[in-house]
Amino acid sequence: MRPDPSDDFADGSAGIPRQRAALWSVPASGQSGDGGLDDPLRLGRAMRLRLLAAVQALLADPSIAGQSDVARLAAVVLYAKSRAPKGAKNDNQTSIWVAELGRWMGVGESTVNRRVLTPLRKSDALHTREKRNAKGRPTGLDCLVMPLWNARKSGGAGHPLALTKAELATLLRLCEALFGHGWTPEDKEPTPPGLLAGRTGKGAATDRLGLLLMVLNTPASGWLQLVGGSVRAKEGRGAATLARLLGCSPAGARKVLARLTDAGAVARGHRDTVTRMRGKGRVMLLPVAHAYGRPLSSLGAVQEPKSSSSVRPDGAFGDLGPAEDTDALGTSGIGGAQEIEEAADPVRPDDAELHTDHTPVVTPIADLSLSGGFSGEGRGGQGRRPGRACVREDQAVDGETGAAGVGSTTAEISPLRGEKPVKSPVDEQKQAGGVAAGAGARLTVVGGRKTRQQGRSELPADLDLRVALTPVSWLWTKLNRWQQDHVVKAAKAELAQLRQVLEWAGQAPSVLASRLTSRLEETGGEALIARPYGWITRRGLVRRPSCSDVRCDDGLRLDTGADCDNCANILHSRRAWRVRIAAEVDQELPGLETDARYREIEARMRRHAEAEAADLVARQAEAREREARRAAARAEAETQAAIERERAAARQAVACEDCGRERSAGLCEACDHRRQTEALIVESGLLAVTWSADPSDPVAVAAVATEVRTAIEDAIAASWAQFQQITDPVALEAAGPDAVEDAAAHNAFVVAESAIGEYRHEALVMLGRGEEAQAEARKAYATELAKPWFQALPDSDDAQRAATEAAAKAQTRTAEHLLAVRLEQLHAQARPEPVRPAPWARRLPELAARPLDGEALEVIA
């Protein structure tokens, strides 16, 4: 039996259209709105945020963003129907017919081909492949959503799009409950159509996508989370929220919201207030509310205002008077008849003061265009209270008396208690104000003494700053230019920090706007802020972390919007410490009274907190010391680098030791190449000696070295001749006076470097053919065949291959060892032996035999 809507919603006439009974046309099978635990619309908070992040990440992908709503909805459907990875080749894919995909979105096959498949293929958001059976007939279309594939290949399991099998199934069931077309498979329970299954044609895909996004943004209460900031009264906050979700204009979102309301999926209305005034607008997702078993009456749901003479009219301004009296002189300047016609359905914020607008009596109003309609506004810079209405009332306002001098300009031209001028002076005042405003003056008199520069009335042109500062747009107009510039700097700095923390940098403006909105709700509204500049820069924009995590703001994560886990850990740790201290008190001081036990626990908790604070201070001091040491080390390194640079500059100014070329750092490039070439030639000769001559025979060594030198010098000459043939000598000389010399030295170095490599290879080959290397190779060969796993089949291919490789390695190692030993021997022979002084036993007789200086002079004389 289908339930009656009035049974679940106690107030059947609570502002809900009769068309919403269509919500109950869906069979109560657990697919939509039956309120059971298996209802697909009963999403836990973690699951809802997970699916919301996945859908937003998919729609924000560059290949899908900017597409039509039908293409974006198709991407979401194909993503929900994709298979989770299990190691198969068809992971992340889904098979579907074009006609079935069109039924999911409420459009035809031609629309799917023209507005879905073609643009998604062109933007590389979708790869498709036609499936055919054994007879070659098409059996469907294999689709691969490329953002999902890229996320699983590059982002891993932590990517928002990398949903598990259970999460994909939950998203698919949610789509089926909202706009699935319904089907009856064989040997399975039928799947009933979703809420918007009958909605087809133009705008059907937009309605489906909007409903899905609103459901994912709706908690268990059933109320849609609305955006903050200023919105146009014509569209309303619900349309602004849906426009933010769909990425369209508020006017278009208002039409979508109206269609969803007619379809019975959405209910709109306003909160009831104590004074029966229309409160803040709200939007309820009826399927979500019913899935959690929350009737409208229990939530303070949408209700029509009761007909009573005491109810304040929607369009009334000022005191509770009739609308036709709004042109009286006693009505506030912001509540004229024209504004009532433009804003016939004003929405009063929840945090606004319930105070009526009074007639100006004594207090001057500097600028009616900036008035917010609050009692006492515009009393000048002193902020004092107005005098009594009867003060100096019996004096004539002629400009001569003292009362006239002290009174306000408005009092001079406004009728008070019986004064009825022929022509309304208020009109003259408005005309004068209009002329003054049109003069384009930039300075305003404050308190009659100082002047200040008016600020810009419009928010900054930067789109990010405009989005972030929208919630405080009214406070923005109260700032002067200097303050506005500093607010812009502070907002830019905070946006830069948010971009470093958030996973998607584009969310920084909206996150900052949400922060300002929550701060305004804490304060009670913009009207209660006395110092706009100080509030914005020191309270509104400032992040208030509850823990050490840079992503924490008032106990919430900036990147996910969920509760901060670190704050929960700190709270859990504090509770654990309290439980531990309470147990210690019970163990050490049994039998205490309740109050004494509580005081003892609090005292110990206080001491523990002081110890933690002292430890934190110590750790912070240690961190500052480490930072100071690092800074000192960096400064020392920079100083040393500067010294090295100075030394390098000084060395660069030294002339070449060999040729005397100036500014060559002691050795020019050509001379350096010459020295290296000479060293390479000598080393090549020694390499040739290691296998072709006896290292202990100096004559043989010199002969081989001379032969190698001659060969390398001939190769250098041949290479230089070839270089001169292919090079224009005029261009080479034009390059500089030392270009030819540098080129020749570099050419000799390259040839010698190539030659030494060849001589080393030849030495290794020849030493490897020697008896020592061959003996080592035979031993390694036999050792490898003697291993247990080769003893059974020593003639097998594997055994022979392993033995051959072992022999080759042993031969190579032996050749390298012989080469190193012989080179060391040759180097030792080439080095001159150090001259050791003769012992004193030999030197003393020789020194004693020498005549002294005096004796030598006597001999000469």
# chains A, B, ... in the order shown; residues from 1 in each chain; ligands from 1
call {"tool": "residues_around", "arguments": {"residues": "stretch 182-186 of chain A", "least_positions_apart": "5", "cutoff": "10 Å", "atoms": "only C-alpha atoms", "output": "list in words"}}
result
Arg103, Trp104, Glu176, Ala177, Thr191, Pro192, Pro193, Gly194 and Ala197 of chain A
call {"tool": "write_last_selection", "arguments": {"atoms": "N, CA and C atoms", "output": "compact mmCIF listing (two decimals), in the first residue's frame"}}
result
# COMPACT_ATOMS: atom_id res chain seq x y z
N ARG A 103 18.66 6.95 -22.36
CA ARG A 103 17.59 6.84 -21.37
C ARG A 103 18.05 7.27 -19.99
N TRP A 104 19.33 7.03 -19.67
CA TRP A 104 19.84 7.50 -18.40
C TRP A 104 19.74 9.02 -18.29
N GLU A 176 20.63 5.50 -9.85
CA GLU A 176 19.43 4.76 -10.20
C GLU A 176 18.22 5.28 -9.43
N ALA A 177 18.42 5.59 -8.14
CA ALA A 177 17.30 6.08 -7.35
C ALA A 177 16.87 7.48 -7.76
N THR A 191 14.34 -3.30 -11.00
CA THR A 191 14.83 -2.00 -10.52
C THR A 191 13.83 -0.93 -10.94
N PRO A 192 13.13 -0.31 -10.00
CA PRO A 192 12.11 0.69 -10.37
C PRO A 192 12.76 1.95 -10.92
N PRO A 193 12.00 2.73 -11.67
CA PRO A 193 12.55 3.99 -12.19
C PRO A 193 12.81 4.99 -11.06
N GLY A 194 13.73 5.90 -11.33
CA GLY A 194 14.07 6.90 -10.34
C GLY A 194 13.10 8.05 -10.30
N ALA A 197 12.82 9.86 -13.71
CA ALA A 197 12.83 8.97 -14.87
C ALA A 197 11.90 9.48 -15.96
call {"tool": "residues_around", "arguments": {"residues": "stretch 519-525 of chain A", "least_positions_apart": "5", "cutoff": "12 Å", "atoms": "only C-alpha atoms", "output": "PyMOL selection string"}}
result
chain A and resi 228-229+348-353+471-475+512-514+530+532+535-544+553-554
call {"tool": "residues_around", "arguments": {"residues": "stretch 548-552 of chain A", "least_positions_apart": "2", "cutoff": "10 Å", "atoms": "only C-alpha atoms", "output": "MDAnalysis selection string"}}
result
chainID A and resid 497:498 500:502 543:546 554:567
call {"tool": "atom_distance", "arguments": {"atom1": "atom CA of A:Ala233", "atom2": "atom CA of A:Arg481"}}
result
29.0 Å
call {"tool": "closest_residue", "arguments": {"among": "A:Val765, A:Glu130, A:Gly136, A:Ala151", "to": "A:Ala57", "atoms": "only C-alpha atoms"}}
result
A:Ala151
call {"tool": "residues_around", "arguments": {"residues": "stretch 241-247 of chain A", "least_positions_apart": "4", "cutoff": "10 Å", "atoms": "only C-alpha atoms", "output": "MDAnalysis selection string"}}
result
chainID A and resid 56 59 65:66 69 206:207 209:211 213:214 217 224:228 231 236:237 251:254 256:257 283
call {"tool": "residues_around", "arguments": {"residues": "A:Ala773", "least_positions_apart": "5", "cutoff": "12 Å", "atoms": "only C-alpha atoms", "output": "number ranges by chain"}}
result
A: 764-768, 778-780, 807-819
call {"tool": "closest_residue", "arguments": {"among": "A:Met47, A:Ala53, A:Leu847, A:Leu469", "to": "A:Gln484", "atoms": "only C-alpha atoms"}}
result
A:Leu469
call {"tool": "residues_around", "arguments": {"residues": "A:Ser95", "least_positions_apart": "4", "cutoff": "7 Å", "atoms": "only C-alpha atoms", "output": "VMD selection string"}}
result
chain A and resid 140 to 143
call {"tool": "write_last_selection", "arguments": {"atoms": "N, CA and C atoms", "output": "PDB file, in the first residue's frame"}}
result
ATOM      1  N   GLY A 140      27.129  -3.654 -28.320  1.00  0.00           N
ATOM      2  CA  GLY A 140      27.284  -2.614 -27.314  1.00  0.00           C
ATOM      3  C   GLY A 140      28.498  -1.745 -27.594  1.00  0.00           C
ATOM      4  N   LEU A 141      28.809  -0.930 -26.621  1.00  0.00           N
ATOM      5  CA  LEU A 141      29.899   0.029 -26.759  1.00  0.00           C
ATOM      6  C   LEU A 141      30.734  -0.024 -25.483  1.00  0.00           C
ATOM      7  N   ASP A 142      32.030  -0.349 -25.623  1.00  0.00           N
ATOM      8  CA  ASP A 142      32.957  -0.316 -24.497  1.00  0.00           C
ATOM      9  C   ASP A 142      33.454   1.120 -24.311  1.00  0.00           C
ATOM     10  N   CYS A 143      33.263   1.650 -23.123  1.00  0.00           N
ATOM     11  CA  CYS A 143      33.622   3.037 -22.836  1.00  0.00           C
ATOM     12  C   CYS A 143      34.659   3.067 -21.710  1.00  0.00           C
TER      13      CYS A 143
END
call {"tool": "closest_residue", "arguments": {"among": "A:Asp124, A:Glu753, A:Asp462, A:Glu683", "to": "A:Pro509", "atoms": "only C-alpha atoms"}}
result
A:Asp462
call {"tool": "atom_distance", "arguments": {"atom1": "atom CA of A:Gln652", "atom2": "atom CA of A:Gln676"}}
result
20.1 Å
